[in-house]
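Chemist: Could you have a look at this structure, given as structure tokens, before my questions?
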Amino acid sequence: MRVLITGAAGFIGYSVARRLMERGDDVLGIDIMNDYYDPSLKEARISQLRQDFDDKFEFVKSDFSDMAALTGALNGQHFDRIVHLGAQAGVRYSIENPHAYLSANLAGHLNLLEIARHRECEHMVYASSSSVYGGNTKLPFSVDDRVDHPVSLYAATKRGNELMSECYAHLYRLPQTGLRFFTVYGPWGRPDMMMWIFTRKILAGEPIPVFNNGDMWRDFTFIDDIVSGVVACLDNPPTDNGEAKAGGSTKPHRLYNIGNHRSEHLMKVVEILQDELGRKAEIDLLPMQPGDVRQSFADIDAIRDDLGYEPTTSVESGVPKFVAWYRDYHGE
Ligand code: NAD
């Protein structure tokens with residue numbers, strides 16, 4: 001199988017590309033290599049994939065929010081399925097830079113839908129986010145919950161992606177799966193996310209910012225579990241027989257949560273980090289930030305029942321794996 005992966009230089013894109021090529025698939029990756037976080041990390045990911053997979057991996061630097069650029073980058077190349085992971089990520093950044101989200105996340109998603117439709121792609125799997133649950137207080141978050149009150153523009157664009165995909169499934173019967181990821185962490189992770197920021201600051205002896213005065217809970221999901229979920233979905237396109245049930249859809253479009261099905265207190269993760277790093281964290285308790293939510297917790301029954309997805313990595317075993325990778329990457 002030849003798979004187009006957008007955001008292939010990103011955290012999740014890199015990890016999905018790796019798993020697919022390890023099992024023998026070919027990957028065509030595209031990424032704009034933007035500087036939302038240090039582009040040298042993105043370059044390192046691409047170099048690693050080139051080194052490890054040689055001619056199974058092809059990479060093109062391109063902006064998928066520009067249809068002409070995207071079409072040129074794909075250059076008539078064949079692929080069977082799409083994993084659309086490229087996006088402008090980050091809740092807080094969306095408050096300062098709203099326009100970045102419209103082009104990358106909305107125009108970009110539409111362009112991928114058009115490519116998938118015109119090339120009669122077998123299945124497009126795309127990234128949504130737990131942030132679509134916004135201020136929901138009913139726990140755990142289920143794909144059957146109403147999600148009509150996003151609290152950040154990032155979340156609004158992700159919900160927008162789901163609606164655009166639902167529309168393309170209706171109009172063109174385009175098989176698609178949208179995945180609501182819950183706080184992903186692990187090797188090759190993101191420098192703008194909590195796990196990396198806390199690790200860096202604890203090692204530097206700087207205070208770590210803990211929002212909502214410490215009353216924060218997250219469903220932390222280890223990257224390997226996320227990748228297993230993405231690949232299970234990719235291999236099993238939704239059928240177009242009116243029976244696809246996750247997310248209530250009767251079209252060839254379904255939505256799944258991919259989480260760990262455990263909502264952990266942030267301070268528990270800080271304790272694990274302290275143990276692993278051998279240093280005490282200085283805690284800076286701060287108020288709730290605009291766009292943020294107090295708690296996330298994934299109901300994973302739909303993907304478990306349909307595809308046998310089962311997360312295997314707790315924070316107790318996953319955080320040490322991240323710390324080991326972080327030290328190695330920084331040559332410590
Ligand atoms: P990431 O920022 O590491 O990767 C996204 C990649 O997309 C980046 O390398 C970026 O350069 C690329 N990109 C952005 N705009 C582009 C454009 N116009 N053209 C081409 N490439 C472009 O983020 P990630 O953590 O790997 O996230 C992957 C997907 O999962 C994103 O859609 C994100 O919103 C979603 N998600 C991630 C998490 C998480 O915890 N990491 C949680 C929920 C949802």
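Numbering starts fresh at 1 for the residues of each chain in the structure tokens, the chains themselves are lettered A, B, ... in the order given, and ligands are numbered from 1 as they appear.
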As a PyMOL selection string, please: every protein or nucleic acid residue near ligand 1 (cut-off 8 Å, counting only C-alpha atoms and all ligand atoms).

Modeler: chain A and resi 6-14+30-37+39+42+61-66+84-90+103-105+108+126-131+154+158+180-185+189-190+193+221

Chemist: Would you mind listing what lies within 9 Å of Val315 of chain A as a PyMOL selection string, with only C-alpha atoms counted and same-chain residues fewer than 5 positions away left out?

Modeler: chain A and resi 220-222+264+268-269+272+320

Chemist: If we count only C-alpha atoms, what is near Ala298 of chain A at a cut-off of 9 Å, once residues fewer than 2 positions away on the same chain are taken out, given as JSON, numbers by chain?

Modeler: {"A": [130, 139, 140, 141, 142, 181, 182, 219, 257, 258, 259, 260, 261, 262, 263, 296, 300]}

Chemist: Just to be explicit: take each residue in the selection above, keep N, CA and C atoms, and write the result as a PDB file, in the first residue's frame.

Modeler:
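As written to disk, result03.pdb reads:
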ATOM      1  N   SER A 130      -9.438  16.143  20.953  1.00  0.00           N
ATOM      2  CA  SER A 130     -10.290  16.130  22.153  1.00  0.00           C
ATOM      3  C   SER A 130     -10.809  17.533  22.463  1.00  0.00           C
ATOM      4  N   LEU A 139     -18.473  13.223  31.900  1.00  0.00           N
ATOM      5  CA  LEU A 139     -17.270  12.418  31.683  1.00  0.00           C
ATOM      6  C   LEU A 139     -17.626  10.936  31.695  1.00  0.00           C
ATOM      7  N   PRO A 140     -16.855  10.088  30.948  1.00  0.00           N
ATOM      8  CA  PRO A 140     -15.846  10.484  29.959  1.00  0.00           C
ATOM      9  C   PRO A 140     -16.492  11.022  28.691  1.00  0.00           C
ATOM     10  N   PHE A 141     -15.672  11.696  27.857  1.00  0.00           N
ATOM     11  CA  PHE A 141     -16.186  12.284  26.611  1.00  0.00           C
ATOM     12  C   PHE A 141     -16.459  11.174  25.597  1.00  0.00           C
ATOM     13  N   SER A 142     -17.680  11.158  25.076  1.00  0.00           N
ATOM     14  CA  SER A 142     -18.053  10.129  24.103  1.00  0.00           C
ATOM     15  C   SER A 142     -18.289  10.768  22.733  1.00  0.00           C
ATOM     16  N   PHE A 181      -7.775  12.885  19.008  1.00  0.00           N
ATOM     17  CA  PHE A 181      -6.628  12.497  19.836  1.00  0.00           C
ATOM     18  C   PHE A 181      -6.680  13.205  21.189  1.00  0.00           C
ATOM     19  N   PHE A 182      -6.240  12.498  22.215  1.00  0.00           N
ATOM     20  CA  PHE A 182      -6.185  13.061  23.569  1.00  0.00           C
ATOM     21  C   PHE A 182      -4.724  13.191  24.008  1.00  0.00           C
ATOM     22  N   ASP A 219      -6.233  13.149  29.847  1.00  0.00           N
ATOM     23  CA  ASP A 219      -6.114  11.767  29.386  1.00  0.00           C
ATOM     24  C   ASP A 219      -4.845  11.714  28.524  1.00  0.00           C
ATOM     25  N   ASN A 257     -12.716   8.512  19.393  1.00  0.00           N
ATOM     26  CA  ASN A 257     -11.733   9.029  20.357  1.00  0.00           C
ATOM     27  C   ASN A 257     -10.546   8.075  20.363  1.00  0.00           C
ATOM     28  N   ILE A 258      -9.327   8.617  20.373  1.00  0.00           N
ATOM     29  CA  ILE A 258      -8.179   7.760  20.699  1.00  0.00           C
ATOM     30  C   ILE A 258      -7.501   8.362  21.922  1.00  0.00           C
ATOM     31  N   GLY A 259      -7.748   7.716  23.052  1.00  0.00           N
ATOM     32  CA  GLY A 259      -7.172   8.157  24.316  1.00  0.00           C
ATOM     33  C   GLY A 259      -6.693   6.948  25.090  1.00  0.00           C
ATOM     34  N   ASN A 260      -6.347   7.196  26.332  1.00  0.00           N
ATOM     35  CA  ASN A 260      -5.851   6.122  27.197  1.00  0.00           C
ATOM     36  C   ASN A 260      -6.943   5.611  28.135  1.00  0.00           C
ATOM     37  N   HIS A 261      -8.086   6.318  28.119  1.00  0.00           N
ATOM     38  CA  HIS A 261      -9.222   6.020  28.983  1.00  0.00           C
ATOM     39  C   HIS A 261      -8.841   6.131  30.471  1.00  0.00           C
ATOM     40  N   ARG A 262      -7.944   7.089  30.778  1.00  0.00           N
ATOM     41  CA  ARG A 262      -7.604   7.396  32.177  1.00  0.00           C
ATOM     42  C   ARG A 262      -7.373   8.897  32.272  1.00  0.00           C
ATOM     43  N   SER A 263      -8.060   9.541  33.166  1.00  0.00           N
ATOM     44  CA  SER A 263      -7.853  10.976  33.344  1.00  0.00           C
ATOM     45  C   SER A 263      -6.913  11.176  34.533  1.00  0.00           C
ATOM     46  N   SER A 296      -9.837  16.366  30.608  1.00  0.00           N
ATOM     47  CA  SER A 296     -10.185  15.548  29.438  1.00  0.00           C
ATOM     48  C   SER A 296     -10.150  14.087  29.857  1.00  0.00           C
ATOM     49  N   ILE A 300     -13.442   5.277  25.072  1.00  0.00           N
ATOM     50  CA  ILE A 300     -12.888   4.636  23.867  1.00  0.00           C
ATOM     51  C   ILE A 300     -13.686   3.391  23.466  1.00  0.00           C
TER      52      ILE A 300
END

Chemist: Rank A:Asp301, A:Asp55, A:Asp26, A:Asp192 by their smallest atom-to-atom distance to Leu255 of chain A, using only C-alpha atoms, and report the top residue only.

Modeler: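 Among the listed residues, A:Asp301 lies closest to Leu255 of chain A.
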
Chemist: Any chance you could list, as a PDB file with C-alpha atoms, in the first residue's frame, the residues in segment 25-92 of chain A that come up helix (DSSP H, G or I) when DSSP is run on the backbone?

Modeler:
ATOM      1  CA  PRO A  39      12.152  23.299  12.573  1.00  0.00           C
ATOM      2  CA  SER A  40      15.417  21.476  13.292  1.00  0.00           C
ATOM      3  CA  LEU A  41      13.330  18.860  15.145  1.00  0.00           C
ATOM      4  CA  LYS A  42      11.201  18.403  12.016  1.00  0.00           C
ATOM      5  CA  GLU A  43      14.337  18.140   9.890  1.00  0.00           C
ATOM      6  CA  ALA A  44      15.740  15.542  12.292  1.00  0.00           C
ATOM      7  CA  ARG A  45      12.552  13.467  11.990  1.00  0.00           C
ATOM      8  CA  ILE A  46      12.685  13.540   8.173  1.00  0.00           C
ATOM      9  CA  SER A  47      16.420  12.675   8.153  1.00  0.00           C
ATOM     10  CA  GLN A  48      15.726   9.740  10.453  1.00  0.00           C
ATOM     11  CA  LEU A  49      12.953   8.423   8.179  1.00  0.00           C
ATOM     12  CA  ARG A  50      15.177   8.811   5.103  1.00  0.00           C
ATOM     13  CA  GLN A  51      18.031   7.037   6.836  1.00  0.00           C
ATOM     14  CA  ASP A  52      15.909   4.153   8.129  1.00  0.00           C
ATOM     15  CA  PHE A  53      13.650   3.569   5.145  1.00  0.00           C
ATOM     16  CA  ASP A  54      15.565   4.800   2.121  1.00  0.00           C
ATOM     17  CA  ASP A  55      13.454   4.211  -1.017  1.00  0.00           C
ATOM     18  CA  LYS A  56      10.231   3.367   0.865  1.00  0.00           C
ATOM     19  CA  MET A  67      -4.260  23.879  -3.841  1.00  0.00           C
ATOM     20  CA  ALA A  68      -1.938  24.691  -6.747  1.00  0.00           C
ATOM     21  CA  ALA A  69       1.143  23.993  -4.607  1.00  0.00           C
ATOM     22  CA  LEU A  70      -0.363  20.759  -3.288  1.00  0.00           C
ATOM     23  CA  THR A  71      -1.323  19.501  -6.750  1.00  0.00           C
ATOM     24  CA  GLY A  72       2.162  20.367  -8.001  1.00  0.00           C
ATOM     25  CA  ALA A  73       3.793  18.579  -5.059  1.00  0.00           C
ATOM     26  CA  LEU A  74       1.774  15.418  -5.634  1.00  0.00           C
TER      27      LEU A  74
END

Chemist: From the list A:Asn97, A:Tyr172, A:Glu166, A:Tyr133, which residue is nearest Glu114 of chain A when using only C-alpha atoms?

Modeler: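 Of the candidates, the smallest distance to Glu114 of chain A is held by A:Tyr172.
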
Chemist: Closest to Ile226 of chain A among A:Cys121, A:Ile303, A:Ile283, A:Ile202, using only C-alpha atoms?

Modeler: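 Checking each candidate against Ile226 of chain A, we get A:Ile303 as the closest.
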
Chemist: Work out how far apart atom CA of Ala302 of chain A and atom CA of Thr239 of chain A are and give it in Å to one decimal.

Modeler: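 For atom CA of Ala302 of chain A relative to atom CA of Thr239 of chain A, the distance reads 15.2 Å.
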
Chemist: What is the atom CA of Trp325 of chain A to atom CA of Asp284 of chain A distance in Å?

Modeler: 25.8 Å

Chemist: For the strand (DSSP E or B) assignment from backbone DSSP, which residues of segment 49-148 of chain A qualify? Please present them as a list in words.

Modeler: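 For segment 49-148 of chain A, the strand (DSSP E or B) set is Phe57, Glu58, Phe59, Val60, Lys61, Arg81, Ile82, Val83, His84, His123, Met124, Val125, Tyr126, Ala127, Ser128, Ser129 and Phe141 of chain A.
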
Chemist: Go ahead and write the residues just picked, N, CA and C atoms, as a compact mmCIF listing (two decimals), in the first residue's frame.

Modeler:
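Final output, saved to again.txt:
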# COMPACT_ATOMS: atom_id res chain seq x y z
N PHE A 57 10.49 5.71 1.43
CA PHE A 57 10.02 7.02 1.90
C PHE A 57 10.35 8.10 0.89
N GLU A 58 9.31 8.85 0.52
CA GLU A 58 9.52 10.01 -0.34
C GLU A 58 8.95 11.22 0.38
N PHE A 59 9.65 12.33 0.32
CA PHE A 59 9.20 13.51 1.04
C PHE A 59 9.20 14.72 0.12
N VAL A 60 8.11 15.51 0.20
CA VAL A 60 8.04 16.77 -0.54
C VAL A 60 7.66 17.89 0.43
N LYS A 61 8.45 18.96 0.40
CA LYS A 61 8.10 20.13 1.22
C LYS A 61 7.05 20.95 0.47
N ARG A 81 -4.24 5.45 0.09
CA ARG A 81 -4.95 6.00 1.25
C ARG A 81 -4.23 7.25 1.75
N ILE A 82 -4.97 8.06 2.53
CA ILE A 82 -4.39 9.31 3.06
C ILE A 82 -4.49 9.31 4.58
N VAL A 83 -3.41 9.72 5.24
CA VAL A 83 -3.48 10.03 6.67
C VAL A 83 -3.17 11.52 6.79
N HIS A 84 -4.21 12.30 7.03
CA HIS A 84 -4.06 13.76 7.05
C HIS A 84 -3.84 14.23 8.50
N HIS A 123 -9.58 5.58 1.36
CA HIS A 123 -9.90 5.94 2.75
C HIS A 123 -9.03 7.12 3.18
N MET A 124 -9.64 8.12 3.77
CA MET A 124 -8.85 9.22 4.36
C MET A 124 -9.08 9.23 5.87
N VAL A 125 -7.99 9.05 6.59
CA VAL A 125 -8.03 9.16 8.05
C VAL A 125 -7.48 10.54 8.39
N TYR A 126 -8.16 11.28 9.27
CA TYR A 126 -7.67 12.64 9.56
C TYR A 126 -7.72 12.91 11.06
N ALA A 127 -6.90 13.88 11.46
CA ALA A 127 -6.80 14.21 12.89
C ALA A 127 -7.84 15.23 13.29
N SER A 128 -8.65 14.86 14.27
CA SER A 128 -9.45 15.86 14.98
C SER A 128 -8.80 16.01 16.36
N SER A 129 -9.55 16.37 17.36
CA SER A 129 -8.92 16.63 18.65
C SER A 129 -9.93 16.52 19.79
N PHE A 141 -15.67 11.70 27.86
CA PHE A 141 -16.19 12.28 26.61
C PHE A 141 -16.46 11.17 25.60

Chemist: Find the residue from A:Ala204, A:Gln176, A:Val27, A:Thr312 that sits nearest to Ile223 of chain A; use only C-alpha atoms when measuring.

Modeler: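 For Ile223 of chain A, the nearest of the candidates is A:Thr312.
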
Chemist: Could you check which of A:Leu106, A:Ala156, A:Val230, A:Asp328 is closest to Ile5 of chain A, using only C-alpha atoms?

Modeler: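 Closest candidate: A:Val230.
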
Chemist: Give the answer as one residue: which of A:Gly214, A:Pro209, A:Pro311, A:Gly134 has the shortest atom-to-atom distance to Val227 of chain A, using only C-alpha atoms?

Modeler: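 Residue with the minimum atom-to-atom distance to Val227 of chain A: A:Pro311.
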